[in-house]
file start_28.pdb (PDB, C-alpha atoms and all ligand atoms)
ATOM      1  CA  MET D   9     -16.297  16.542  21.974  1.00  0.00           C
ATOM      2  CA  GLU D  10     -18.227  13.298  22.254  1.00  0.00           C
ATOM      3  CA  ILE D  11     -18.645  11.270  19.086  1.00  0.00           C
ATOM      4  CA  GLU D  12     -20.220   7.956  18.209  1.00  0.00           C
ATOM      5  CA  LEU D  13     -18.853   5.617  15.570  1.00  0.00           C
ATOM      6  CA  GLU D  14     -19.746   2.236  14.251  1.00  0.00           C
ATOM      7  CA  LEU D  15     -16.214   0.914  14.167  1.00  0.00           C
ATOM      8  CA  ASN D  16     -15.708  -2.463  12.553  1.00  0.00           C
ATOM      9  CA  ASP D  17     -19.377  -3.267  13.201  1.00  0.00           C
ATOM     10  CA  THR D  18     -19.180  -2.325  16.871  1.00  0.00           C
ATOM     11  CA  PRO D  19     -20.820   0.832  18.277  1.00  0.00           C
ATOM     12  CA  ARG D  20     -18.261   3.065  19.991  1.00  0.00           C
ATOM     13  CA  ARG D  21     -18.586   6.302  21.891  1.00  0.00           C
ATOM     14  CA  LEU D  22     -15.572   8.372  22.772  1.00  0.00           C
ATOM     15  CA  SER D  23     -14.331  11.825  23.543  1.00  0.00           C
ATOM     16  CA  VAL D  24     -11.977  13.401  20.985  1.00  0.00           C
ATOM     17  CA  ARG D  25     -10.213  16.704  20.579  1.00  0.00           C
ATOM     18  CA  THR D  26     -11.696  18.732  17.764  1.00  0.00           C
ATOM     19  CA  ASP D  27      -8.335  18.705  15.970  1.00  0.00           C
ATOM     20  CA  ALA D  28      -7.651  14.961  16.417  1.00  0.00           C
ATOM     21  CA  ARG D  29      -6.949  13.036  13.234  1.00  0.00           C
ATOM     22  CA  LEU D  30      -8.970   9.891  12.683  1.00  0.00           C
ATOM     23  CA  LEU D  31      -5.658   8.103  12.080  1.00  0.00           C
ATOM     24  CA  ASP D  32      -4.445   8.873  15.591  1.00  0.00           C
ATOM     25  CA  VAL D  33      -7.756   8.029  17.227  1.00  0.00           C
ATOM     26  CA  LEU D  34      -7.893   4.641  15.513  1.00  0.00           C
ATOM     27  CA  ARG D  35      -4.300   3.798  16.399  1.00  0.00           C
ATOM     28  CA  ASP D  36      -4.086   5.290  19.885  1.00  0.00           C
ATOM     29  CA  GLU D  37      -7.586   4.796  21.276  1.00  0.00           C
ATOM     30  CA  PHE D  38      -8.424   1.508  19.576  1.00  0.00           C
ATOM     31  CA  GLN D  39      -4.996  -0.005  18.909  1.00  0.00           C
ATOM     32  CA  LEU D  40      -5.868  -0.613  15.255  1.00  0.00           C
ATOM     33  CA  GLY D  41      -2.368  -1.083  13.933  1.00  0.00           C
ATOM     34  CA  SER D  42      -3.425  -1.780  10.345  1.00  0.00           C
ATOM     35  CA  VAL D  43      -4.046   1.964   9.950  1.00  0.00           C
ATOM     36  CA  ARG D  44      -0.551   3.128   9.117  1.00  0.00           C
ATOM     37  CA  ASP D  45       0.997   6.529   9.282  1.00  0.00           C
ATOM     38  CA  GLY D  46       3.074   6.472   6.132  1.00  0.00           C
ATOM     39  CA  CYS D  47       3.316  10.086   5.019  1.00  0.00           C
ATOM     40  CA  SER D  48       0.771  12.024   7.104  1.00  0.00           C
ATOM     41  CA  VAL D  49      -0.059  14.224   4.129  1.00  0.00           C
ATOM     42  CA  GLY D  50      -2.439  12.177   1.991  1.00  0.00           C
ATOM     43  CA  MET D  51       0.145  10.922  -0.496  1.00  0.00           C
ATOM     44  CA  CYS D  52       0.734   7.228   0.267  1.00  0.00           C
ATOM     45  CA  GLY D  53      -2.616   5.557   1.024  1.00  0.00           C
ATOM     46  CA  ALA D  54      -1.245   3.579   3.982  1.00  0.00           C
ATOM     47  CA  CYS D  55      -3.786   5.122   6.364  1.00  0.00           C
ATOM     48  CA  THR D  56      -6.821   4.333   4.202  1.00  0.00           C
ATOM     49  CA  VAL D  57     -10.039   3.322   5.936  1.00  0.00           C
ATOM     50  CA  LEU D  58     -13.608   3.054   4.706  1.00  0.00           C
ATOM     51  CA  ILE D  59     -15.894   5.775   6.025  1.00  0.00           C
ATOM     52  CA  ASP D  60     -19.496   5.017   5.125  1.00  0.00           C
ATOM     53  CA  ASP D  61     -18.069   2.664   2.469  1.00  0.00           C
ATOM     54  CA  ARG D  62     -15.791   5.292   0.884  1.00  0.00           C
ATOM     55  CA  ALA D  63     -12.033   4.800   0.941  1.00  0.00           C
ATOM     56  CA  LEU D  64     -10.477   7.882   2.539  1.00  0.00           C
ATOM     57  CA  SER D  65      -7.155   8.882   4.048  1.00  0.00           C
ATOM     58  CA  SER D  66      -7.554   8.878   7.812  1.00  0.00           C
ATOM     59  CA  CYS D  67      -4.511  11.171   8.132  1.00  0.00           C
ATOM     60  CA  LEU D  68      -6.523  13.907   6.435  1.00  0.00           C
ATOM     61  CA  THR D  69      -9.789  13.215   8.256  1.00  0.00           C
ATOM     62  CA  LEU D  70     -10.803  14.809  11.522  1.00  0.00           C
ATOM     63  CA  ALA D  71     -12.257  12.246  13.907  1.00  0.00           C
ATOM     64  CA  ALA D  72     -14.836  14.814  15.011  1.00  0.00           C
ATOM     65  CA  LEU D  73     -16.297  14.861  11.503  1.00  0.00           C
ATOM     66  CA  CYS D  74     -16.891  11.106  11.671  1.00  0.00           C
ATOM     67  CA  ASP D  75     -19.578  11.415  14.325  1.00  0.00           C
ATOM     68  CA  GLY D  76     -22.327   8.990  13.321  1.00  0.00           C
ATOM     69  CA  ALA D  77     -20.251   7.325  10.600  1.00  0.00           C
ATOM     70  CA  ARG D  78     -19.425   3.711   9.897  1.00  0.00           C
ATOM     71  CA  VAL D  79     -15.681   3.182   9.880  1.00  0.00           C
ATOM     72  CA  LEU D  80     -14.050   0.012   8.623  1.00  0.00           C
ATOM     73  CA  THR D  81     -10.374  -0.834   9.055  1.00  0.00           C
ATOM     74  CA  ALA D  82      -8.555  -3.938   7.887  1.00  0.00           C
ATOM     75  CA  GLU D  83      -9.129  -5.490  11.314  1.00  0.00           C
ATOM     76  CA  GLY D  84     -12.836  -5.489  10.434  1.00  0.00           C
ATOM     77  CA  LEU D  85     -12.239  -7.657   7.365  1.00  0.00           C
ATOM     78  CA  ALA D  86     -11.950 -10.812   9.447  1.00  0.00           C
ATOM     79  CA  SER D  87     -14.300 -12.322  11.959  1.00  0.00           C
ATOM     80  CA  GLY D  88     -13.218 -15.568  13.545  1.00  0.00           C
ATOM     81  CA  SER D  89     -12.213 -17.853  10.698  1.00  0.00           C
ATOM     82  CA  GLU D  90     -14.109 -15.772   8.124  1.00  0.00           C
ATOM     83  CA  VAL D  91     -11.919 -13.486   6.030  1.00  0.00           C
ATOM     84  CA  ASP D  92     -13.187 -10.971   3.510  1.00  0.00           C
ATOM     85  CA  PRO D  93     -12.835 -12.242  -0.092  1.00  0.00           C
ATOM     86  CA  VAL D  94     -10.759  -9.222  -1.143  1.00  0.00           C
ATOM     87  CA  ALA D  95      -8.201  -9.913   1.576  1.00  0.00           C
ATOM     88  CA  GLN D  96      -8.237 -13.601   0.660  1.00  0.00           C
ATOM     89  CA  THR D  97      -7.480 -12.758  -2.954  1.00  0.00           C
ATOM     90  CA  PHE D  98      -4.549 -10.532  -1.975  1.00  0.00           C
ATOM     91  CA  ALA D  99      -3.202 -13.340   0.205  1.00  0.00           C
ATOM     92  CA  ARG D 100      -3.584 -15.919  -2.559  1.00  0.00           C
ATOM     93  CA  HIS D 101      -1.615 -13.698  -4.946  1.00  0.00           C
ATOM     94  CA  ARG D 102       0.976 -12.931  -2.232  1.00  0.00           C
ATOM     95  CA  ALA D 103       0.418  -9.306  -3.157  1.00  0.00           C
ATOM     96  CA  PHE D 104       2.891  -7.918  -0.624  1.00  0.00           C
ATOM     97  CA  GLN D 105       6.348  -8.193   0.831  1.00  0.00           C
ATOM     98  CA  CYS D 106       6.466  -6.302   4.140  1.00  0.00           C
ATOM     99  CA  SER D 107       2.665  -5.683   3.984  1.00  0.00           C
ATOM    100  CA  TYR D 108       2.918  -2.122   5.287  1.00  0.00           C
ATOM    101  CA  CYS D 109       0.826  -0.871   2.374  1.00  0.00           C
ATOM    102  CA  THR D 110      -1.506  -3.861   2.133  1.00  0.00           C
ATOM    103  CA  PRO D 111      -4.430  -2.721   4.321  1.00  0.00           C
ATOM    104  CA  GLY D 112      -4.715   0.446   2.266  1.00  0.00           C
ATOM    105  CA  PHE D 113      -4.725  -1.389  -1.048  1.00  0.00           C
ATOM    106  CA  VAL D 114      -7.244  -3.976   0.165  1.00  0.00           C
ATOM    107  CA  LEU D 115      -9.595  -1.330   1.522  1.00  0.00           C
ATOM    108  CA  ALA D 116      -9.326   0.706  -1.673  1.00  0.00           C
ATOM    109  CA  VAL D 117     -10.487  -2.304  -3.684  1.00  0.00           C
ATOM    110  CA  LYS D 118     -13.147  -3.125  -1.102  1.00  0.00           C
ATOM    111  CA  GLY D 119     -14.403   0.441  -1.356  1.00  0.00           C
ATOM    112  CA  LEU D 120     -14.661   0.105  -5.127  1.00  0.00           C
ATOM    113  CA  LEU D 121     -16.760  -3.047  -4.759  1.00  0.00           C
ATOM    114  CA  LEU D 122     -19.059  -1.342  -2.280  1.00  0.00           C
ATOM    115  CA  SER D 123     -19.534   1.714  -4.478  1.00  0.00           C
ATOM    116  CA  ASP D 124     -19.999  -0.132  -7.763  1.00  0.00           C
ATOM    117  CA  PRO D 125     -21.740  -3.497  -7.999  1.00  0.00           C
ATOM    118  CA  ALA D 126     -20.149  -4.196 -11.384  1.00  0.00           C
ATOM    119  CA  PRO D 127     -16.616  -2.769 -11.302  1.00  0.00           C
ATOM    120  CA  THR D 128     -14.137  -3.326 -14.116  1.00  0.00           C
ATOM    121  CA  PRO D 129     -10.327  -3.519 -14.230  1.00  0.00           C
ATOM    122  CA  GLU D 130     -10.331  -0.198 -16.105  1.00  0.00           C
ATOM    123  CA  GLN D 131     -11.352   1.512 -12.848  1.00  0.00           C
ATOM    124  CA  LEU D 132      -8.328   0.229 -10.948  1.00  0.00           C
ATOM    125  CA  PRO D 133      -5.755   2.870 -11.986  1.00  0.00           C
ATOM    126  CA  ASP D 134      -7.946   5.615 -10.519  1.00  0.00           C
ATOM    127  CA  ILE D 135      -8.634   3.654  -7.342  1.00  0.00           C
ATOM    128  CA  LEU D 136      -5.049   2.563  -6.734  1.00  0.00           C
ATOM    129  CA  SER D 137      -3.141   5.588  -7.963  1.00  0.00           C
ATOM    130  CA  GLY D 138      -2.998   7.182  -4.525  1.00  0.00           C
ATOM    131  CA  HIS D 139      -1.365   4.129  -2.974  1.00  0.00           C
ATOM    132  CA  LEU D 140       2.367   3.549  -2.771  1.00  0.00           C
ATOM    133  CA  CYS D 141       4.215   0.295  -2.175  1.00  0.00           C
ATOM    134  CA  ARG D 142       7.823   0.819  -1.239  1.00  0.00           C
ATOM    135  CA  CYS D 143       8.520  -2.888  -1.780  1.00  0.00           C
ATOM    136  CA  GLY D 144       7.460  -2.596  -5.388  1.00  0.00           C
ATOM    137  CA  SER D 145       4.837  -5.344  -5.244  1.00  0.00           C
ATOM    138  CA  TYR D 146       2.703  -3.560  -7.800  1.00  0.00           C
ATOM    139  CA  SER D 147       2.427  -6.389 -10.323  1.00  0.00           C
ATOM    140  CA  ARG D 148       1.021  -8.793  -7.731  1.00  0.00           C
ATOM    141  CA  ILE D 149      -1.186  -6.118  -6.212  1.00  0.00           C
ATOM    142  CA  LEU D 150      -2.612  -5.361  -9.647  1.00  0.00           C
ATOM    143  CA  ALA D 151      -3.108  -9.069 -10.365  1.00  0.00           C
ATOM    144  CA  ALA D 152      -5.032  -9.510  -7.117  1.00  0.00           C
ATOM    145  CA  ALA D 153      -7.125  -6.399  -7.634  1.00  0.00           C
ATOM    146  CA  THR D 154      -7.874  -7.401 -11.220  1.00  0.00           C
ATOM    147  CA  GLU D 155      -9.090 -10.820 -10.113  1.00  0.00           C
ATOM    148  CA  VAL D 156     -11.399  -9.180  -7.579  1.00  0.00           C
ATOM    149  CA  VAL D 157     -13.060  -6.878 -10.091  1.00  0.00           C
ATOM    150  CA  LYS D 158     -12.977  -8.935 -13.262  1.00  0.00           C
ATOM    151  CA  PRO D 159     -16.446  -9.449 -14.740  1.00  0.00           C
TER
HETATM  152  S1  LIG Q   1      -0.452   8.439   5.932  1.00  0.00           S
HETATM  153 FE1  LIG Q   1      -2.298   9.120   5.080  1.00  0.00          FE
HETATM  154  S2  LIG Q   1      -1.964   9.073   2.953  1.00  0.00           S
HETATM  155 FE2  LIG Q   1      -0.031   8.589   3.815  1.00  0.00          FE
HETATM  156  S1  LIG Q   2       4.558  -4.633   0.586  1.00  0.00           S
HETATM  157 FE1  LIG Q   2       6.008  -3.350   1.602  1.00  0.00          FE
HETATM  158  S2  LIG Q   2       5.318  -1.347   1.200  1.00  0.00           S
HETATM  159 FE2  LIG Q   2       4.033  -2.583  -0.009  1.00  0.00          FE
END

call {"tool": "encode", "arguments": {"input": "start_28.pdb", "output": "structure tokens", "more": "lines below"}}
Ligand code: FES
Ligand code: FES
result
Amino acid sequence: MEIELELNDTPRRLSVRTDARLLDVLRDEFQLGSVRDGCSVGMCGACTVLIDDRALSSCLTLAALCDGARVLTAEGLASGSEVDPVAQTFARHRAFQCSYCTPGFVLAVKGLLLSDPAPTPEQLPDILSGHLCRCGSYSRILAAATEVVKP
């Protein structure tokens, strides 16, 4: 079927199979390598993208159901020399080792900011609990996320 997306602020039209995962469409059709296939079953958060400002697992999302949606991946967090403040904060805290999990964590925090204009650190456990970091960078990730949302 034909679908239209606003992908990283750019209108896109494409043909997808009705059973195609958004994860595969983003990686294979658009070469968006920040969307990672960690577990494929909604357990690790590595494939997180924002769909209409909500952080969701693209491995569990059918691309066909995103017709008309705005989709943001980590590639959309930078434009020229401008980098999204959430990503900047993660970089300043060096909140990663291999960075495989980083796009998912950053987009989860970005999604919180977009859904709540006055977020608090108490909301972070819920937001981040579905995200795994095999490098064990949790303390730095939490420090970065806390700085982003602190009042
Ligand atoms: S790849 Fe989607 S949650 Fe792990
Ligand atoms: S930094 Fe390597 S998995 Fe998180």

call {"tool": "residues_near_ligand", "arguments": {"input": "start_28.pdb", "ligand": "ligand LIG 1 (chain Q)", "cutoff": "12 Å", "atoms": "all atoms listed in the file", "output": "ChimeraX atom specification"}}
result
/D:29-32,42-57,63-69,108-109,111-113,137-141

call {"tool": "atom_distance", "arguments": {"input": "start_28.pdb", "atom1": "atom CA of Ala153 of chain D", "atom2": "atom CA of Leu15 of chain D"}}
result
24.7 Å

call {"tool": "residues_near_ligand", "arguments": {"input": "start_28.pdb", "ligand": "ligand LIG 2 (chain Q)", "cutoff": "6 Å", "atoms": "all atoms listed in the file", "output": "list in words"}}
result
Phe104, Gln105, Cys106, Ser107, Tyr108, Cys109, Cys141, Arg142, Cys143 and Ser145 of chain D

call {"tool": "resolve_selection", "arguments": {"input": "start_28.pdb", "expression": "the PyMOL selection byres (((chain D and resi 85-94) around 10) and not hetatm)", "output": "PyMOL selection string"}}
result
chain D and resi 16+80-84+95-100+111+113-115+117-118+121+152-153+155-157

call {"tool": "resolve_selection", "arguments": {"input": "start_28.pdb", "expression": "the PyMOL selection byres (((chain D and resi 19) around 12) and not hetatm)", "output": "PDB file with C-alpha atoms, keeping the file's coordinate frame"}}
result
ATOM      1  CA  ILE D  11     -18.645  11.270  19.086  1.00  0.00           C
ATOM      2  CA  GLU D  12     -20.220   7.956  18.209  1.00  0.00           C
ATOM      3  CA  LEU D  13     -18.853   5.617  15.570  1.00  0.00           C
ATOM      4  CA  GLU D  14     -19.746   2.236  14.251  1.00  0.00           C
ATOM      5  CA  LEU D  15     -16.214   0.914  14.167  1.00  0.00           C
ATOM      6  CA  ASN D  16     -15.708  -2.463  12.553  1.00  0.00           C
ATOM      7  CA  ASP D  17     -19.377  -3.267  13.201  1.00  0.00           C
ATOM      8  CA  THR D  18     -19.180  -2.325  16.871  1.00  0.00           C
ATOM      9  CA  ARG D  20     -18.261   3.065  19.991  1.00  0.00           C
ATOM     10  CA  ARG D  21     -18.586   6.302  21.891  1.00  0.00           C
ATOM     11  CA  LEU D  22     -15.572   8.372  22.772  1.00  0.00           C
ATOM     12  CA  ASP D  75     -19.578  11.415  14.325  1.00  0.00           C
ATOM     13  CA  GLY D  76     -22.327   8.990  13.321  1.00  0.00           C
ATOM     14  CA  ALA D  77     -20.251   7.325  10.600  1.00  0.00           C
ATOM     15  CA  ARG D  78     -19.425   3.711   9.897  1.00  0.00           C
ATOM     16  CA  VAL D  79     -15.681   3.182   9.880  1.00  0.00           C
ATOM     17  CA  LEU D  80     -14.050   0.012   8.623  1.00  0.00           C
TER      18      LEU D  80
END

call {"tool": "axis_aligned_box", "arguments": {"input": "start_28.pdb", "around": "segment 125-135 of chain D", "padding_each_side": "6 Å", "output": "lines of an AutoDock Vina configuration file"}}
result
center_x = -13.7
center_y = 0.7
center_z = -11.7
size_x = 28.0
size_y = 21.8
size_z = 20.8

call {"tool": "resolve_selection", "arguments": {"input": "start_28.pdb", "expression": "the PyMOL selection byres (((chain D and resi 28) around 6) and not hetatm)", "output": "list in words"}}
result
Arg25, Thr26, Asp27, Arg29, Leu70 and Ala71 of chain D

call {"tool": "write_last_selection", "arguments": {"input": "start_28.pdb", "atoms": "C-alpha atoms", "output": "compact mmCIF listing (two decimals), in the frame of the given file"}}
result
# COMPACT_ATOMS: atom_id res chain seq x y z
CA ARG D 25 -10.21 16.70 20.58
CA THR D 26 -11.70 18.73 17.76
CA ASP D 27 -8.34 18.70 15.97
CA ARG D 29 -6.95 13.04 13.23
CA LEU D 70 -10.80 14.81 11.52
CA ALA D 71 -12.26 12.25 13.91

call {"tool": "atom_distance", "arguments": {"input": "start_28.pdb", "atom1": "atom CA of Leu132 of chain D", "atom2": "atom CA of Ile59 of chain D"}}
result
19.4 Å

call {"tool": "atom_distance", "arguments": {"input": "start_28.pdb", "atom1": "atom CA of Val24 of chain D", "atom2": "atom CA of Thr110 of chain D"}}
result
27.6 Å

call {"tool": "closest_residue", "arguments": {"input": "start_28.pdb", "among": "D:His101, D:Lys158, D:Arg62, D:Arg148", "to": "Ala116 of chain D", "atoms": "only C-alpha atoms"}}
result
D:Arg62

call {"tool": "decode", "arguments": {"input": "start_28.pdb", "residues": "segment 28-139 of chain D", "atoms": "C-alpha atoms", "output": "PDB file, in the first residue's frame"}}
result
ATOM      1  CA  ALA D  28       6.293  -4.439   6.989  1.00  0.00           C
ATOM      2  CA  ARG D  29       7.684  -3.275  10.310  1.00  0.00           C
ATOM      3  CA  LEU D  30       8.439   0.415  10.625  1.00  0.00           C
ATOM      4  CA  LEU D  31      11.906  -0.598  11.840  1.00  0.00           C
ATOM      5  CA  ASP D  32      12.703  -2.327   8.558  1.00  0.00           C
ATOM      6  CA  VAL D  33      11.251   0.441   6.419  1.00  0.00           C
ATOM      7  CA  LEU D  34      13.311   3.087   8.205  1.00  0.00           C
ATOM      8  CA  ARG D  35      16.517   1.070   7.968  1.00  0.00           C
ATOM      9  CA  ASP D  36      16.109  -0.463   4.517  1.00  0.00           C
ATOM     10  CA  GLU D  37      14.242   2.215   2.575  1.00  0.00           C
ATOM     11  CA  PHE D  38      15.749   5.282   4.224  1.00  0.00           C
ATOM     12  CA  GLN D  39      19.093   4.000   5.513  1.00  0.00           C
ATOM     13  CA  LEU D  40      18.396   5.389   8.987  1.00  0.00           C
ATOM     14  CA  GLY D  41      20.956   3.384  10.896  1.00  0.00           C
ATOM     15  CA  SER D  42      20.205   4.959  14.277  1.00  0.00           C
ATOM     16  CA  VAL D  43      17.066   2.795  14.428  1.00  0.00           C
ATOM     17  CA  ARG D  44      18.534  -0.404  15.796  1.00  0.00           C
ATOM     18  CA  ASP D  45      17.216  -3.904  15.774  1.00  0.00           C
ATOM     19  CA  GLY D  46      18.237  -5.026  19.229  1.00  0.00           C
ATOM     20  CA  CYS D  47      15.683  -7.636  20.238  1.00  0.00           C
ATOM     21  CA  SER D  48      12.852  -7.410  17.686  1.00  0.00           C
ATOM     22  CA  VAL D  49      10.291  -8.093  20.399  1.00  0.00           C
ATOM     23  CA  GLY D  50       9.791  -4.774  22.176  1.00  0.00           C
ATOM     24  CA  MET D  51      12.107  -5.471  25.106  1.00  0.00           C
ATOM     25  CA  CYS D  52      15.243  -3.356  24.585  1.00  0.00           C
ATOM     26  CA  GLY D  53      14.223   0.106  23.334  1.00  0.00           C
ATOM     27  CA  ALA D  54      16.996   0.255  20.721  1.00  0.00           C
ATOM     28  CA  CYS D  55      14.491   0.728  17.892  1.00  0.00           C
ATOM     29  CA  THR D  56      12.643   3.624  19.538  1.00  0.00           C
ATOM     30  CA  VAL D  57      11.387   6.435  17.323  1.00  0.00           C
ATOM     31  CA  LEU D  58       8.935   9.251  17.943  1.00  0.00           C
ATOM     32  CA  ILE D  59       5.618   8.816  16.161  1.00  0.00           C
ATOM     33  CA  ASP D  60       3.538  11.969  16.468  1.00  0.00           C
ATOM     34  CA  ASP D  61       5.809  12.875  19.408  1.00  0.00           C
ATOM     35  CA  ARG D  62       5.292   9.572  21.261  1.00  0.00           C
ATOM     36  CA  ALA D  63       8.244   7.270  21.855  1.00  0.00           C
ATOM     37  CA  LEU D  64       7.364   3.853  20.433  1.00  0.00           C
ATOM     38  CA  SER D  65       9.165   0.669  19.472  1.00  0.00           C
ATOM     39  CA  SER D  66       9.434   0.595  15.697  1.00  0.00           C
ATOM     40  CA  CYS D  67       9.956  -3.191  15.813  1.00  0.00           C
ATOM     41  CA  LEU D  68       6.384  -3.543  17.048  1.00  0.00           C
ATOM     42  CA  THR D  69       4.881  -0.931  14.729  1.00  0.00           C
ATOM     43  CA  LEU D  70       3.520  -1.651  11.284  1.00  0.00           C
ATOM     44  CA  ALA D  71       4.676   0.951   8.781  1.00  0.00           C
ATOM     45  CA  ALA D  72       1.233   0.851   7.167  1.00  0.00           C
ATOM     46  CA  LEU D  73      -0.313   2.179  10.375  1.00  0.00           C
ATOM     47  CA  CYS D  74       1.961   5.226  10.243  1.00  0.00           C
ATOM     48  CA  ASP D  75       0.269   6.646   7.164  1.00  0.00           C
ATOM     49  CA  GLY D  76      -0.055  10.383   7.776  1.00  0.00           C
ATOM     50  CA  ALA D  77       2.168  10.354  10.865  1.00  0.00           C
ATOM     51  CA  ARG D  78       5.198  12.386  11.826  1.00  0.00           C
ATOM     52  CA  VAL D  79       8.157  10.127  12.492  1.00  0.00           C
ATOM     53  CA  LEU D  80      11.349  11.332  14.118  1.00  0.00           C
ATOM     54  CA  THR D  81      14.549   9.302  14.343  1.00  0.00           C
ATOM     55  CA  ALA D  82      17.838  10.320  15.910  1.00  0.00           C
ATOM     56  CA  GLU D  83      19.034  11.492  12.493  1.00  0.00           C
ATOM     57  CA  GLY D  84      16.347  14.183  12.735  1.00  0.00           C
ATOM     58  CA  LEU D  85      17.855  15.581  15.936  1.00  0.00           C
ATOM     59  CA  ALA D  86      20.591  17.403  14.045  1.00  0.00           C
ATOM     60  CA  SER D  87      20.399  19.881  11.229  1.00  0.00           C
ATOM     61  CA  GLY D  88      23.675  21.256   9.964  1.00  0.00           C
ATOM     62  CA  SER D  89      25.580  22.429  13.019  1.00  0.00           C
ATOM     63  CA  GLU D  90      22.426  22.541  15.161  1.00  0.00           C
ATOM     64  CA  VAL D  91      22.016  19.589  17.511  1.00  0.00           C
ATOM     65  CA  ASP D  92      18.995  18.948  19.691  1.00  0.00           C
ATOM     66  CA  PRO D  93      19.622  19.938  23.343  1.00  0.00           C
ATOM     67  CA  VAL D  94      18.764  16.451  24.622  1.00  0.00           C
ATOM     68  CA  ALA D  95      21.410  14.880  22.399  1.00  0.00           C
ATOM     69  CA  GLN D  96      23.868  17.591  23.426  1.00  0.00           C
ATOM     70  CA  THR D  97      23.274  16.807  27.083  1.00  0.00           C
ATOM     71  CA  PHE D  98      23.860  13.085  26.535  1.00  0.00           C
ATOM     72  CA  ALA D  99      27.095  13.908  24.714  1.00  0.00           C
ATOM     73  CA  ARG D 100      28.261  16.257  27.464  1.00  0.00           C
ATOM     74  CA  HIS D 101      27.704  13.534  30.068  1.00  0.00           C
ATOM     75  CA  ARG D 102      29.339  10.914  27.804  1.00  0.00           C
ATOM     76  CA  ALA D 103      26.252   8.840  28.493  1.00  0.00           C
ATOM     77  CA  PHE D 104      27.340   5.883  26.365  1.00  0.00           C
ATOM     78  CA  GLN D 105      30.131   3.506  25.524  1.00  0.00           C
ATOM     79  CA  CYS D 106      29.348   1.776  22.218  1.00  0.00           C
ATOM     80  CA  SER D 107      26.262   4.029  21.709  1.00  0.00           C
ATOM     81  CA  TYR D 108      24.100   1.219  20.341  1.00  0.00           C
ATOM     82  CA  CYS D 109      21.349   2.085  22.813  1.00  0.00           C
ATOM     83  CA  THR D 110      21.824   5.855  22.764  1.00  0.00           C
ATOM     84  CA  PRO D 111      19.311   6.900  20.075  1.00  0.00           C
ATOM     85  CA  GLY D 112      16.574   5.065  21.938  1.00  0.00           C
ATOM     86  CA  PHE D 113      17.392   6.679  25.267  1.00  0.00           C
ATOM     87  CA  VAL D 114      17.661  10.158  23.739  1.00  0.00           C
ATOM     88  CA  LEU D 115      14.356   9.819  21.911  1.00  0.00           C
ATOM     89  CA  ALA D 116      12.640   8.499  25.032  1.00  0.00           C
ATOM     90  CA  VAL D 117      13.682  11.627  26.924  1.00  0.00           C
ATOM     91  CA  LYS D 118      12.799  13.831  23.961  1.00  0.00           C
ATOM     92  CA  GLY D 119       9.367  12.226  23.873  1.00  0.00           C
ATOM     93  CA  LEU D 120       8.884  13.003  27.556  1.00  0.00           C
ATOM     94  CA  LEU D 121       9.722  16.664  26.952  1.00  0.00           C
ATOM     95  CA  LEU D 122       7.283  16.845  24.062  1.00  0.00           C
ATOM     96  CA  SER D 123       4.472  15.235  26.038  1.00  0.00           C
ATOM     97  CA  ASP D 124       4.987  17.174  29.262  1.00  0.00           C
ATOM     98  CA  PRO D 125       6.136  20.792  29.319  1.00  0.00           C
ATOM     99  CA  ALA D 126       7.244  20.487  32.948  1.00  0.00           C
ATOM    100  CA  PRO D 127       8.683  16.988  33.411  1.00  0.00           C
ATOM    101  CA  THR D 128      10.386  15.904  36.621  1.00  0.00           C
ATOM    102  CA  PRO D 129      13.137  13.372  37.383  1.00  0.00           C
ATOM    103  CA  GLU D 130      10.511  11.213  39.111  1.00  0.00           C
ATOM    104  CA  GLN D 131       9.062  10.417  35.670  1.00  0.00           C
ATOM    105  CA  LEU D 132      12.333   9.014  34.353  1.00  0.00           C
ATOM    106  CA  PRO D 133      12.089   5.442  35.716  1.00  0.00           C
ATOM    107  CA  ASP D 134       8.841   4.910  33.804  1.00  0.00           C
ATOM    108  CA  ILE D 135      10.212   6.474  30.628  1.00  0.00           C
ATOM    109  CA  LEU D 136      13.549   4.663  30.672  1.00  0.00           C
ATOM    110  CA  SER D 137      12.546   1.307  32.097  1.00  0.00           C
ATOM    111  CA  GLY D 138      12.009  -0.243  28.678  1.00  0.00           C
ATOM    112  CA  HIS D 139      15.523   0.612  27.534  1.00  0.00           C
TER     113      HIS D 139
END
